[in-house]
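Asker: Sharing structure_15.tsv, TSV, C-alpha atoms:
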```tsv
chain	number	residue	atom	x	y	z
X	168	MET	CA	1.36	8.98	13.66
X	169	ILE	CA	2.73	6.63	11.01
X	170	LYS	CA	5.18	3.80	11.55
X	171	VAL	CA	6.44	1.57	8.74
X	172	GLN	CA	8.61	-1.13	10.26
X	173	GLN	CA	9.87	-4.68	9.96
X	174	GLU	CA	9.59	-5.52	13.65
X	175	ASP	CA	6.45	-6.63	15.50
X	176	PHE	CA	4.45	-4.28	17.72
X	177	ASP	CA	2.77	-4.65	21.11
X	178	VAL	CA	-0.91	-3.74	20.66
X	179	GLY	CA	-1.47	-3.03	24.36
X	180	ALA	CA	1.58	-0.81	24.67
X	181	GLU	CA	0.75	1.10	21.48
X	182	ILE	CA	-2.82	1.77	22.63
X	183	SER	CA	-1.70	2.83	26.10
X	184	GLY	CA	0.82	5.19	24.54
X	185	LEU	CA	-1.86	6.72	22.36
X	186	THR	CA	-4.26	7.58	25.16
X	187	GLU	CA	-1.77	8.32	27.94
X	188	GLY	CA	-2.12	11.81	29.33
X	189	ASN	CA	-5.12	12.70	27.16
X	190	THR	CA	-8.21	12.41	29.33
X	191	SER	CA	-10.45	14.04	26.73
X	192	ILE	CA	-10.42	10.77	24.78
X	193	GLY	CA	-13.68	8.92	25.38
X	194	GLY	CA	-13.33	6.17	22.80
X	195	LEU	CA	-10.58	4.32	21.01
X	196	ALA	CA	-11.13	1.99	18.06
X	197	CYS	CA	-8.48	-0.46	16.96
X	198	PHE	CA	-8.06	-2.84	14.03
X	199	VAL	CA	-5.28	-5.44	13.89
X	200	GLY	CA	-4.64	-7.30	10.62
X	201	LEU	CA	-3.01	-10.75	10.84
X	202	VAL	CA	-1.45	-13.19	8.37
X	203	ARG	CA	-3.92	-16.00	7.71
X	204	ASP	CA	-2.81	-19.58	7.11
X	205	LEU	CA	-4.99	-19.97	4.00
X	206	ALA	CA	-4.93	-18.26	0.59
X	207	GLY	CA	-8.20	-19.36	-0.98
X	208	GLU	CA	-7.94	-23.16	-0.68
X	209	LYS	CA	-4.15	-23.29	-0.39
X	210	PRO	CA	-2.32	-23.35	2.94
X	211	ILE	CA	0.47	-20.79	3.14
X	212	SER	CA	3.64	-21.03	5.18
X	213	ALA	CA	4.76	-17.39	4.94
X	214	MET	CA	4.00	-14.05	3.35
X	215	THR	CA	6.56	-11.45	2.27
X	216	LEU	CA	5.46	-7.83	2.12
X	217	GLU	CA	7.31	-5.55	-0.25
X	218	HIS	CA	6.70	-1.78	-0.16
X	219	TYR	CA	7.83	1.47	-1.76
X	220	PRO	CA	9.94	3.24	0.86
X	221	GLY	CA	9.23	6.96	0.83
X	222	MET	CA	5.94	6.72	-0.99
X	223	THR	CA	4.51	4.39	1.66
X	224	GLU	CA	5.07	6.97	4.40
X	225	ARG	CA	3.66	9.75	2.21
X	226	GLN	CA	0.53	7.78	1.34
X	227	LEU	CA	-0.11	6.78	4.96
X	228	GLU	CA	0.38	10.37	6.12
X	229	GLN	CA	-2.12	11.54	3.49
X	230	LEU	CA	-4.61	8.91	4.68
X	231	GLU	CA	-4.19	10.08	8.27
X	232	GLN	CA	-4.79	13.69	7.20
X	233	GLU	CA	-7.89	12.66	5.25
X	234	ALA	CA	-9.30	10.89	8.33
X	235	ARG	CA	-8.56	13.89	10.52
X	236	GLN	CA	-10.38	16.18	8.07
X	237	ARG	CA	-13.44	13.96	7.98
X	238	TRP	CA	-13.76	13.24	11.70
X	239	THR	CA	-12.81	15.03	14.91
X	240	LEU	CA	-10.01	12.82	16.18
X	241	MET	CA	-7.72	13.17	19.18
X	242	ASP	CA	-5.13	10.84	17.77
X	243	VAL	CA	-4.41	8.41	14.94
X	244	LEU	CA	-1.84	5.62	14.80
X	245	ILE	CA	-1.08	3.47	11.77
X	246	ILE	CA	1.64	0.82	12.01
X	247	HIS	CA	2.32	-1.26	8.89
X	248	ARG	CA	4.94	-4.00	8.79
X	249	TYR	CA	6.97	-5.25	5.84
X	250	GLY	CA	9.30	-8.20	5.26
X	251	ARG	CA	8.69	-11.90	5.85
X	252	LEU	CA	5.78	-12.80	8.11
X	253	GLU	CA	4.24	-16.11	9.12
X	254	PRO	CA	0.62	-17.13	9.78
X	255	GLY	CA	-0.55	-15.54	13.03
X	256	ASP	CA	1.88	-12.61	12.75
X	257	ARG	CA	0.51	-9.09	13.02
X	258	ILE	CA	0.70	-7.07	9.76
X	259	VAL	CA	-1.06	-3.81	10.49
X	260	LEU	CA	-2.50	-1.76	13.34
X	261	VAL	CA	-4.94	1.09	12.91
X	262	ALA	CA	-6.03	2.93	16.07
X	263	THR	CA	-8.16	6.05	16.23
X	264	ALA	CA	-9.08	8.02	19.34
X	265	SER	CA	-11.91	10.46	19.74
X	266	ALA	CA	-14.21	12.03	22.32
X	267	HIS	CA	-17.00	9.64	21.31
X	268	ARG	CA	-17.22	6.18	19.79
X	269	GLU	CA	-18.72	7.03	16.42
X	270	ALA	CA	-15.84	9.10	15.05
X	271	ALA	CA	-13.33	6.53	16.34
X	272	LEU	CA	-15.13	3.49	14.90
X	273	GLU	CA	-15.96	5.05	11.54
X	274	SER	CA	-12.51	6.54	10.94
X	275	CYS	CA	-10.82	3.25	11.87
X	276	HIS	CA	-13.00	1.42	9.34
X	277	PHE	CA	-12.31	4.10	6.72
X	278	LEU	CA	-8.54	3.89	7.23
X	279	ILE	CA	-8.28	0.12	6.92
X	280	ASP	CA	-10.51	0.13	3.82
X	281	TRP	CA	-8.37	2.79	2.13
X	282	LEU	CA	-5.10	1.15	3.20
X	283	LYS	CA	-6.06	-1.94	1.21
X	284	THR	CA	-6.09	-0.09	-2.10
X	285	LYS	CA	-3.96	3.03	-1.54
X	286	ALA	CA	-0.94	1.89	0.45
X	287	PRO	CA	1.93	0.75	-1.82
X	288	PHE	CA	2.42	-2.78	-0.49
X	289	TRP	CA	2.59	-6.04	-2.43
X	290	LYS	CA	2.29	-9.49	-0.89
X	291	LEU	CA	4.04	-12.65	-2.01
X	292	GLU	CA	2.68	-15.86	-0.46
X	293	ASP	CA	4.70	-19.05	-0.01
X	294	THR	CA	2.48	-22.05	-0.66
X	295	GLY	CA	3.46	-25.70	-0.77
X	296	SER	CA	3.40	-25.47	-4.58
X	297	GLY	CA	5.48	-22.31	-4.98
X	298	ALA	CA	5.18	-18.57	-4.45
X	299	GLN	CA	2.23	-16.48	-5.67
X	300	TRP	CA	1.51	-12.75	-5.66
X	301	VAL	CA	-1.67	-11.70	-3.88
X	302	SER	CA	-4.06	-10.07	-6.37
X	303	ALA	CA	-6.06	-6.96	-5.57
X	304	ARG	CA	-9.66	-7.99	-4.81
X	305	ASP	CA	-12.74	-6.31	-6.28
X	306	GLU	CA	-14.30	-6.46	-2.80
X	307	ASP	CA	-11.49	-4.24	-1.50
X	308	ASP	CA	-12.10	-1.72	-4.28
X	309	SER	CA	-15.81	-1.53	-3.48
X	310	ALA	CA	-15.08	-1.31	0.27
X	311	ALA	CA	-12.83	1.69	-0.40
X	312	GLU	CA	-15.33	3.16	-2.84
X	313	ARG	CA	-18.09	3.45	-0.24
X	314	TRP	CA	-16.03	6.10	1.62
X	315	LYS	CA	-15.71	8.26	-1.50
X	316	ASP	CA	-18.41	10.67	-0.36
X	317	LYS	CA	-17.42	12.49	2.79
X	318	PRO	CA	-19.76	12.04	5.76
D	255	MET	CA	15.06	9.45	-15.08
D	256	ARG	CA	14.86	6.93	-12.27
D	257	LEU	CA	12.56	3.92	-12.77
D	258	LEU	CA	11.39	1.66	-9.96
D	259	TYR	CA	9.52	-1.65	-10.23
D	260	PHE	CA	7.57	-3.46	-7.51
D	261	GLY	CA	5.65	-6.70	-7.02
D	262	TRP	CA	5.33	-8.99	-10.04
D	263	VAL	CA	6.39	-6.13	-12.34
D	264	ARG	CA	9.80	-6.25	-10.62
D	265	ALA	CA	9.82	-10.06	-10.62
D	266	LYS	CA	9.10	-10.28	-14.37
D	267	ILE	CA	11.55	-7.55	-15.40
D	268	GLY	CA	14.20	-8.99	-13.11
D	269	VAL	CA	15.54	-5.76	-11.60
D	270	SER	CA	14.11	-3.45	-8.93
D	271	GLY	CA	15.03	-0.28	-10.78
D	272	GLU	CA	17.21	1.41	-13.36
D	273	THR	CA	18.26	4.86	-14.53
D	274	ILE	CA	17.36	5.67	-18.12
D	275	ASP	CA	17.73	8.47	-20.60
D	276	PRO	CA	14.34	8.42	-22.37
D	277	PRO	CA	14.39	9.06	-26.14
D	278	ASP	CA	12.51	11.93	-27.79
D	279	GLY	CA	8.78	11.31	-27.80
D	280	VAL	CA	8.74	9.57	-24.42
D	281	ASP	CA	7.05	12.39	-22.54
D	282	ASP	CA	4.23	10.68	-20.62
D	283	VAL	CA	3.85	7.44	-18.69
D	284	ARG	CA	2.05	5.66	-21.53
D	285	SER	CA	4.83	6.32	-24.04
D	286	LEU	CA	7.41	5.25	-21.43
D	287	VAL	CA	5.56	1.98	-20.79
D	288	ASP	CA	5.25	1.32	-24.55
D	289	TRP	CA	8.94	2.05	-25.05
D	290	LEU	CA	9.97	-0.28	-22.20
D	291	SER	CA	7.53	-2.97	-23.31
D	292	ALA	CA	9.06	-2.93	-26.81
D	293	ARG	CA	12.33	-4.17	-25.28
D	294	GLY	CA	10.54	-7.53	-25.13
D	295	GLY	CA	11.37	-10.40	-22.75
D	296	GLY	CA	10.44	-9.69	-19.15
D	297	TYR	CA	9.58	-6.08	-20.01
D	298	GLY	CA	6.99	-7.15	-22.55
D	299	GLU	CA	5.59	-9.71	-20.14
D	300	ALA	CA	5.38	-7.23	-17.25
D	301	LEU	CA	4.12	-4.18	-19.13
D	302	GLY	CA	2.25	-5.55	-22.15
D	303	ASP	CA	-1.14	-5.19	-20.50
D	304	THR	CA	-1.33	-1.59	-19.32
D	305	THR	CA	-4.71	-2.14	-17.61
D	306	ALA	CA	-2.87	-4.29	-15.01
D	307	ILE	CA	-0.28	-1.59	-14.24
D	308	ARG	CA	-0.44	1.20	-11.69
D	309	VAL	CA	1.90	4.20	-11.71
D	310	ALA	CA	3.46	6.73	-9.38
D	311	VAL	CA	5.37	9.81	-10.52
D	312	ASN	CA	7.64	11.31	-7.87
D	313	GLN	CA	5.93	9.11	-5.24
D	314	GLU	CA	2.39	10.30	-6.04
D	315	LEU	CA	-0.16	8.06	-7.75
D	316	ALA	CA	-0.60	9.09	-11.38
D	317	GLU	CA	-2.46	8.10	-14.53
D	318	LEU	CA	-0.96	6.75	-17.76
D	319	ASP	CA	-1.34	10.16	-19.41
D	320	ALA	CA	0.71	11.93	-16.71
D	321	ALA	CA	3.58	13.97	-18.15
D	322	ILE	CA	7.11	12.92	-17.22
D	323	ALA	CA	10.49	14.57	-17.70
D	324	ALA	CA	14.17	14.01	-17.01
D	325	GLY	CA	14.86	13.85	-13.29
D	326	ASP	CA	11.50	12.31	-12.40
D	327	GLU	CA	11.14	9.14	-10.33
D	328	VAL	CA	8.62	6.88	-12.07
D	329	ALA	CA	7.40	3.69	-10.39
D	330	LEU	CA	5.48	0.90	-12.17
D	331	PHE	CA	3.69	-1.75	-10.13
D	332	PRO	CA	0.61	-4.00	-9.85
D	333	PRO	CA	-2.52	-2.82	-8.01
D	334	MET	CA	-1.60	-2.28	-4.36
D	335	THR	CA	-2.53	-4.78	-1.66
D	336	GLY	CA	-1.97	-3.06	1.66
D	337	GLY	CA	-3.57	-3.77	5.01
```
Show the structure stored in the file as C-alpha coordinates.

Answerer:
Amino acid sequence: MIKVQQEDFDVGAEISGLTEGNTSIGGLACFVGLVRDLAGEKPISAMTLEHYPGMTERQLEQLEQEARQRWTLMDVLIIHRYGRLEPGDRIVLVATASAHREAALESCHFLIDWLKTKAPFWKLEDTGSGAQWVSARDEDDSAAERWKDKP
Amino acid sequence: MRLLYFGWVRAKIGVSGETIDPPDGVDDVRSLVDWLSARGGGYGEALGDTTAIRVAVNQELAELDAAIAAGDEVALFPPMTGG
(Lines of atoms letter the chains of each structure in order from A and count residues from 1; the text may use other names and numbers.)
(Lines give C-alpha, C1' and ligand atoms only; values in the text may rest on other atoms or scores of the structure.)
Protein backbone atom coordinates (compact mmCIF):
# COMPACT_ATOMS: atom_id res chain seq x y z
CA MET A 1 0.00 0.00 0.00
CA ILE A 2 1.17 3.50 -0.88
CA LYS A 3 0.41 6.68 1.03
CA VAL A 4 1.68 10.11 -0.04
CA GLN A 5 0.69 12.61 2.61
CA GLN A 6 1.54 15.86 4.35
CA GLU A 7 0.65 14.69 7.84
CA ASP A 8 2.85 12.68 10.21
CA PHE A 9 2.34 8.95 10.78
CA ASP A 10 2.42 6.72 13.86
CA VAL A 11 5.01 4.00 13.23
CA GLY A 12 3.57 1.64 15.85
CA ALA A 13 0.01 1.98 14.60
CA GLU A 14 1.06 1.53 10.96
CA ILE A 15 3.01 -1.64 11.75
CA SER A 16 0.21 -3.07 13.87
CA GLY A 17 -2.24 -2.37 11.06
CA LEU A 18 -0.01 -4.17 8.59
CA THR A 19 0.28 -7.41 10.52
CA GLU A 20 -3.15 -7.47 12.18
CA GLY A 21 -5.14 -10.56 11.29
CA ASN A 22 -2.36 -12.13 9.23
CA THR A 23 -0.72 -14.79 11.38
CA SER A 24 1.29 -16.20 8.47
CA ILE A 25 3.66 -13.22 8.79
CA GLY A 26 6.82 -14.32 10.58
CA GLY A 27 8.94 -11.22 10.06
CA LEU A 28 8.44 -7.54 9.49
CA ALA A 29 11.21 -5.13 8.50
CA CYS A 30 10.79 -1.39 8.84
CA PHE A 31 12.83 1.65 7.82
CA VAL A 32 12.00 5.16 9.02
CA GLY A 33 13.74 8.14 7.41
CA LEU A 34 14.06 11.34 9.48
CA VAL A 35 15.05 14.95 8.78
CA ARG A 36 18.59 15.51 10.06
CA ASP A 37 19.71 18.80 11.57
CA LEU A 38 22.86 18.98 9.43
CA ALA A 39 23.39 19.31 5.67
CA GLY A 40 27.11 18.62 5.26
CA GLU A 41 28.61 21.15 7.69
CA LYS A 42 25.63 23.50 7.74
CA PRO A 43 22.87 23.31 10.34
CA ILE A 44 19.39 23.31 8.82
CA SER A 45 16.22 24.63 10.40
CA ALA A 46 13.69 23.05 8.01
CA MET A 47 13.33 21.04 4.83
CA THR A 48 10.54 21.40 2.28
CA LEU A 49 9.70 18.40 0.13
CA GLU A 50 8.15 19.05 -3.25
CA HIS A 51 6.76 16.17 -5.33
CA TYR A 52 4.98 15.41 -8.59
CA PRO A 53 1.41 14.50 -7.64
CA GLY A 54 0.18 11.62 -9.78
CA MET A 55 3.59 10.46 -10.89
CA THR A 56 4.72 9.98 -7.28
CA GLU A 57 1.92 7.51 -6.60
CA ARG A 58 2.57 5.70 -9.90
CA GLN A 59 6.30 5.38 -9.24
CA LEU A 60 5.78 4.13 -5.68
CA GLU A 61 3.19 1.60 -6.86
CA GLN A 62 5.64 0.36 -9.49
CA LEU A 63 8.35 0.02 -6.83
CA GLU A 64 5.98 -1.98 -4.63
CA GLN A 65 5.14 -4.28 -7.55
CA GLU A 66 8.84 -4.75 -8.32
CA ALA A 67 9.51 -5.76 -4.70
CA ARG A 68 6.59 -8.17 -4.72
CA GLN A 69 7.90 -9.80 -7.90
CA ARG A 70 11.37 -10.24 -6.48
CA TRP A 71 10.43 -11.52 -3.01
CA THR A 72 7.51 -13.42 -1.52
CA LEU A 73 5.89 -10.74 0.59
CA MET A 74 2.71 -10.77 2.67
CA ASP A 75 2.42 -7.02 2.70
CA VAL A 76 4.21 -3.79 1.77
CA LEU A 77 3.62 -0.29 3.09
CA ILE A 78 5.32 2.86 1.83
CA ILE A 79 4.41 6.21 3.38
CA HIS A 80 6.17 9.30 2.01
CA ARG A 81 5.51 12.79 3.35
CA TYR A 82 5.76 16.11 1.53
CA GLY A 83 5.62 19.76 2.62
CA ARG A 84 7.63 21.56 5.29
CA LEU A 85 9.39 19.36 7.84
CA GLU A 86 11.76 20.14 10.70
CA PRO A 87 14.77 18.25 12.08
CA GLY A 88 13.57 15.13 13.87
CA ASP A 89 10.40 14.85 11.77
CA ARG A 90 9.64 11.57 10.03
CA ILE A 91 9.87 11.72 6.21
CA VAL A 92 9.35 8.17 5.03
CA LEU A 93 8.29 4.73 6.25
CA VAL A 94 8.99 1.50 4.41
CA ALA A 95 7.64 -1.70 5.98
CA THR A 96 7.71 -5.15 4.44
CA ALA A 97 6.19 -8.32 5.88
CA SER A 98 7.03 -11.86 4.98
CA ALA A 99 6.98 -15.42 6.32
CA HIS A 100 10.71 -15.19 7.09
CA ARG A 101 13.18 -12.44 7.88
CA GLU A 102 15.32 -12.53 4.76
CA ALA A 103 12.66 -11.50 2.25
CA ALA A 104 11.43 -8.78 4.61
CA LEU A 105 14.88 -7.32 5.34
CA GLU A 106 16.15 -7.47 1.76
CA SER A 107 13.01 -6.02 0.17
CA CYS A 108 12.92 -3.19 2.72
CA HIS A 109 16.52 -2.31 1.89
CA PHE A 110 15.78 -2.55 -1.85
CA LEU A 111 12.75 -0.24 -1.58
CA ILE A 112 14.50 2.53 0.35
CA ASP A 113 17.50 2.40 -2.02
CA TRP A 114 15.26 2.71 -5.07
CA LEU A 115 13.08 5.40 -3.48
CA LYS A 116 16.14 7.64 -3.24
CA THR A 117 16.64 7.79 -7.00
CA LYS A 118 13.24 6.86 -8.50
CA ALA A 119 10.64 8.69 -6.44
CA PRO A 120 9.91 12.18 -7.81
CA PHE A 121 10.68 14.25 -4.72
CA TRP A 122 12.93 17.31 -4.41
CA LYS A 123 14.19 18.74 -1.14
CA LEU A 124 14.83 22.37 -0.33
CA GLU A 125 16.79 22.97 2.89
CA ASP A 126 16.59 26.15 4.97
CA THR A 127 20.02 26.99 6.34
CA GLY A 128 21.07 30.04 8.30
CA SER A 129 22.58 31.44 5.09
CA GLY A 130 19.60 30.84 2.78
CA ALA A 131 17.81 27.99 1.05
CA GLN A 132 19.58 25.26 -0.94
CA TRP A 133 18.34 22.36 -3.05
CA VAL A 134 19.55 18.92 -2.00
CA SER A 135 21.64 17.38 -4.80
CA ALA A 136 21.35 13.75 -5.81
CA ARG A 137 24.32 11.84 -4.35
CA ASP A 138 26.49 9.41 -6.31
CA GLU A 139 26.34 7.08 -3.29
CA ASP A 140 22.56 6.85 -3.72
CA ASP A 141 22.95 5.97 -7.40
CA SER A 142 25.40 3.18 -6.60
CA ALA A 143 23.19 1.93 -3.74
CA ALA A 144 20.27 1.67 -6.18
CA GLU A 145 22.50 0.14 -8.84
CA ARG A 146 23.42 -2.87 -6.71
CA TRP A 147 19.79 -4.08 -6.89
CA LYS A 148 19.78 -3.99 -10.70
CA ASP A 149 20.23 -7.76 -10.98
CA LYS A 150 17.29 -9.64 -9.55
CA PRO A 151 18.09 -12.05 -6.73
CA MET B 1 1.03 20.28 -24.53
CA ARG B 2 1.24 20.64 -20.77
CA LEU B 3 4.68 21.37 -19.27
CA LEU B 4 5.52 20.94 -15.60
CA TYR B 5 8.67 22.04 -13.76
CA PHE B 6 9.93 20.87 -10.38
CA GLY B 7 12.77 21.58 -7.95
CA TRP B 8 15.38 24.13 -9.06
CA VAL B 9 14.13 23.88 -12.65
CA ARG B 10 10.84 25.39 -11.42
CA ALA B 11 12.66 27.90 -9.21
CA LYS B 12 14.87 29.15 -12.07
CA ILE B 13 12.08 29.33 -14.67
CA GLY B 14 9.79 31.00 -12.16
CA VAL B 15 6.57 29.10 -12.90
CA SER B 16 5.46 25.57 -11.98
CA GLY B 17 3.98 24.85 -15.39
CA GLU B 18 2.54 26.19 -18.61
CA THR B 19 0.55 25.08 -21.63
CA ILE B 20 2.33 25.47 -24.96
CA ASP B 21 1.72 24.90 -28.63
CA PRO B 22 5.08 23.53 -29.79
CA PRO B 23 6.29 24.71 -33.22
CA ASP B 24 7.05 22.33 -36.10
CA GLY B 25 10.23 20.38 -35.49
CA VAL B 26 9.70 20.10 -31.74
CA ASP B 27 8.88 16.40 -31.73
CA ASP B 28 11.09 14.95 -28.99
CA VAL B 29 12.15 16.02 -25.51
CA ARG B 30 15.57 17.23 -26.66
CA SER B 31 14.14 19.60 -29.27
CA LEU B 32 11.59 20.84 -26.71
CA VAL B 33 14.33 21.56 -24.16
CA ASP B 34 16.44 23.35 -26.80
CA TRP B 35 13.44 25.41 -27.89
CA LEU B 36 12.59 26.40 -24.30
CA SER B 37 16.23 27.09 -23.46
CA ALA B 38 16.48 29.48 -26.43
CA ARG B 39 13.92 31.72 -24.70
CA GLY B 40 16.86 32.73 -22.50
CA GLY B 41 16.63 34.14 -18.96
CA GLY B 42 15.52 31.60 -16.39
CA TYR B 43 14.79 29.04 -19.13
CA GLY B 44 18.36 29.17 -20.38
CA GLU B 45 19.68 28.96 -16.84
CA ALA B 46 17.45 26.00 -15.92
CA LEU B 47 17.73 23.99 -19.13
CA GLY B 48 21.09 24.97 -20.66
CA ASP B 49 22.86 21.90 -19.29
CA THR B 50 20.77 18.93 -20.41
CA THR B 51 22.94 16.45 -18.47
CA ALA B 52 21.49 17.94 -15.25
CA ILE B 53 17.86 17.48 -16.37
CA ARG B 54 15.59 14.49 -15.91
CA VAL B 55 12.35 14.02 -17.84
CA ALA B 56 8.96 12.38 -17.52
CA VAL B 57 6.47 12.04 -20.37
CA ASN B 58 2.89 11.38 -19.25
CA GLN B 59 4.19 10.66 -15.73
CA GLU B 60 6.68 7.98 -16.81
CA LEU B 61 10.44 8.54 -16.72
CA ALA B 62 11.78 9.09 -20.23
CA GLU B 63 14.99 9.88 -22.08
CA LEU B 64 15.82 13.05 -24.02
CA ASP B 65 15.14 11.27 -27.32
CA ALA B 66 11.59 10.28 -26.30
CA ALA B 67 8.98 11.35 -28.85
CA ILE B 68 6.38 13.88 -27.73
CA ALA B 69 3.17 15.13 -29.32
CA ALA B 70 0.31 17.54 -28.69
CA GLY B 71 -1.68 16.53 -25.62
CA ASP B 72 1.30 15.05 -23.77
CA GLU B 73 2.25 16.04 -20.23
CA VAL B 74 6.01 16.66 -20.15
CA ALA B 75 7.80 17.28 -16.85
CA LEU B 76 11.36 18.63 -16.54
CA PHE B 77 13.18 18.39 -13.22
CA PRO B 78 16.54 17.80 -11.47
CA PRO B 79 17.63 14.29 -10.44
CA MET B 80 15.15 12.99 -7.87
CA THR B 81 15.96 12.93 -4.16
CA GLY B 82 13.33 10.78 -2.51
CA GLY B 83 13.53 8.84 0.74

Asker: Could you work out how far CA of Glu208 in chain X lies from CA of Glu292 in chain X, giving the answer in Å with one decimal?

Answerer: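 Computing it gives 12.9 Å between the two atoms.
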
Asker: If you take all atoms listed in the file and a cut-off of 7 Å, which residues of chain X touch chain D, and what are their nearest atom pairs and distances in Å to one decimal, in chain and number order, as a Markdown table?

Answerer:
```
| residue | atom | partner | partner_atom | distance |
| --- | --- | --- | --- | --- |
| X:Gly200 | CA | D:Gly337 | CA | 6.7 |
| X:Met222 | CA | D:Gln313 | CA | 4.9 |
| X:Val259 | CA | D:Gly337 | CA | 6.0 |
| X:Ile279 | CA | D:Gly337 | CA | 6.4 |
| X:Leu282 | CA | D:Gly337 | CA | 5.5 |
| X:Lys283 | CA | D:Gly336 | CA | 4.3 |
| X:Thr284 | CA | D:Met334 | CA | 5.5 |
| X:Lys285 | CA | D:Met334 | CA | 6.5 |
| X:Ala286 | CA | D:Gly336 | CA | 5.2 |
| X:Pro287 | CA | D:Met334 | CA | 5.3 |
| X:Phe288 | CA | D:Gly336 | CA | 4.9 |
| X:Trp289 | CA | D:Thr335 | CA | 5.3 |
| X:Lys290 | CA | D:Thr335 | CA | 6.8 |
| X:Trp300 | CA | D:Trp262 | CA | 6.9 |
| X:Ala303 | CA | D:Thr335 | CA | 5.7 |
```

Asker: So that I can check the surroundings of Ile258 in chain X, please list as a list of chain:residue names every protein, DNA and RNA residue that reaches within 10 Å of it, counting all atoms listed in the file and ignoring chain neighbours fewer than 5 positions away.

Answerer: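 Answer for this query is X:Gln172, X:Gln173, X:Glu174, X:Asp175, X:Phe176, X:Val199, X:Gly200, X:Leu201, X:Val202, X:Leu216, X:Ile246, X:His247, X:Arg248, X:Tyr249, X:Gly250, X:Leu252, X:Glu253, D:Gly336, D:Gly337.
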
Asker: Would you compute the distance between CA of Leu227 in chain X and CA of Gly184 in chain X? Give it in Å to one decimal.

Answerer: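 Between CA of Leu227 in chain X and CA of Gly184 in chain X the gap works out to 19.7 Å.
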
Asker: List as a list in words the protein and nucleic acid residues near range 235-244 of chain X, meaning an atom at most 8 Å away when all atoms listed in the file are counted, but skip any in the same chain fewer than 6 places from it.

Answerer: Met168, Ile169, Lys170, Leu185, Ile192, Leu260, Val261, Ala262, Thr263, Ala264, Ser265, Ala266, Ala270, Ala271, Ser274, Lys317 and Pro318 of chain X

Asker: Determine, counting all atoms listed in the file, every residue of protein, DNA or RNA that lies within 8 Å of (-12.3, 1.9, 0.4) in the file coordinates, then give the result as an MDAnalysis selection string.

Answerer: chainID X and resid 277 279:284 307:315

Asker: Those residues with C-alpha atoms, as a PDB file, keeping the file's coordinate frame please?

Answerer:
```
ATOM      1  CA  PHE X 277     -12.310   4.100   6.720  1.00  0.00           C
ATOM      2  CA  ILE X 279      -8.280   0.120   6.920  1.00  0.00           C
ATOM      3  CA  ASP X 280     -10.510   0.130   3.820  1.00  0.00           C
ATOM      4  CA  TRP X 281      -8.370   2.790   2.130  1.00  0.00           C
ATOM      5  CA  LEU X 282      -5.100   1.150   3.200  1.00  0.00           C
ATOM      6  CA  LYS X 283      -6.060  -1.940   1.210  1.00  0.00           C
ATOM      7  CA  THR X 284      -6.090  -0.090  -2.100  1.00  0.00           C
ATOM      8  CA  ASP X 307     -11.490  -4.240  -1.500  1.00  0.00           C
ATOM      9  CA  ASP X 308     -12.100  -1.720  -4.280  1.00  0.00           C
ATOM     10  CA  SER X 309     -15.810  -1.530  -3.480  1.00  0.00           C
ATOM     11  CA  ALA X 310     -15.080  -1.310   0.270  1.00  0.00           C
ATOM     12  CA  ALA X 311     -12.830   1.690  -0.400  1.00  0.00           C
ATOM     13  CA  GLU X 312     -15.330   3.160  -2.840  1.00  0.00           C
ATOM     14  CA  ARG X 313     -18.090   3.450  -0.240  1.00  0.00           C
ATOM     15  CA  TRP X 314     -16.030   6.100   1.620  1.00  0.00           C
ATOM     16  CA  LYS X 315     -15.710   8.260  -1.500  1.00  0.00           C
TER      17      LYS X 315
END
```

Asker: Mind giving me the straight-line distance from CA of His276 in chain X to CA of Ala234 in chain X in Å, one decimal?

Answerer: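 These two atoms are separated by 10.2 Å.
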
Asker: Name the closest residue to Leu330 in chain D among the candidates X:Tyr219, X:Glu233, X:Cys197, X:Asp204; distances are taken between atoms, counting all atoms listed in the file.

Answerer: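 Distance minimum relative to Leu330 in chain D lands on X:Tyr219.
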
Asker: If the box runs along x, y and z of the file and leaves 3 Å on each side of range 182-195 of chain X, what are its centre and edge lengths in Å, one decimal, as lines of an AutoDock Vina configuration file?

Answerer:
```
center_x = -6.4
center_y = 7.9
center_z = 25.2
size_x = 20.5
size_y = 18.3
size_z = 14.3
```

Asker: Show me, as an MDAnalysis selection string, the residues that have an atom within 8 Å of range 276-290 of chain D when counting only C-alpha atoms, minus same-chain residues fewer than 2 positions from it.

Answerer: chainID D and resid 255 274 292:294 297:298 301:302 304 309 317:324

Asker: Restricting the calculation to all atoms listed in the file: of X:Gly193, X:Ala180, X:Ala213, X:Gly207, which residue gets closest to Gly297 in chain X?

Answerer: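 Under the stated criterion, the closest residue is X:Ala213.
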
Asker: Under the rule that only C-alpha atoms are counted, which of X:Glu228, X:Glu217, X:Asp316, X:Glu181 is the nearest residue to Leu278 in chain X?

Answerer: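 For Leu278 in chain X, the nearest of the given residues is X:Glu228.
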
Asker: Counting only C-alpha atoms, note down every residue that has an atom within 6 Å of the point (13.8, 4.3, -7.7) (file coordinates), as a PyMOL selection string.

Answerer: chain D and resi 256-258+271

Asker: Quick one: everything within 10 Å of Ser296 in chain X, counting all atoms listed in the file, minus sequence neighbours fewer than 2 positions away in the same chain. Send it as a VMD selection string.

Answerer: chain X and resid 209 to 211 293 to 294 298 to 299

Asker: Limited to C-alpha atoms, could you put the picked residues into a file as a PDB file, in the coordinates of the input?

Answerer:
```pdb
ATOM      1  CA  LYS X 209      -4.150 -23.290  -0.390  1.00  0.00           C
ATOM      2  CA  PRO X 210      -2.320 -23.350   2.940  1.00  0.00           C
ATOM      3  CA  ILE X 211       0.470 -20.790   3.140  1.00  0.00           C
ATOM      4  CA  ASP X 293       4.700 -19.050  -0.010  1.00  0.00           C
ATOM      5  CA  THR X 294       2.480 -22.050  -0.660  1.00  0.00           C
ATOM      6  CA  ALA X 298       5.180 -18.570  -4.450  1.00  0.00           C
ATOM      7  CA  GLN X 299       2.230 -16.480  -5.670  1.00  0.00           C
TER       8      GLN X 299
END
```

Asker: Which one is closest to His218 in chain X: X:Arg304, X:Arg251, X:Gly179, X:Gly295? Count all atoms listed in the file.

Answerer: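 Going through X:Arg304, X:Arg251, X:Gly179, X:Gly295 one by one, the smallest distance to His218 in chain X is for X:Arg251.
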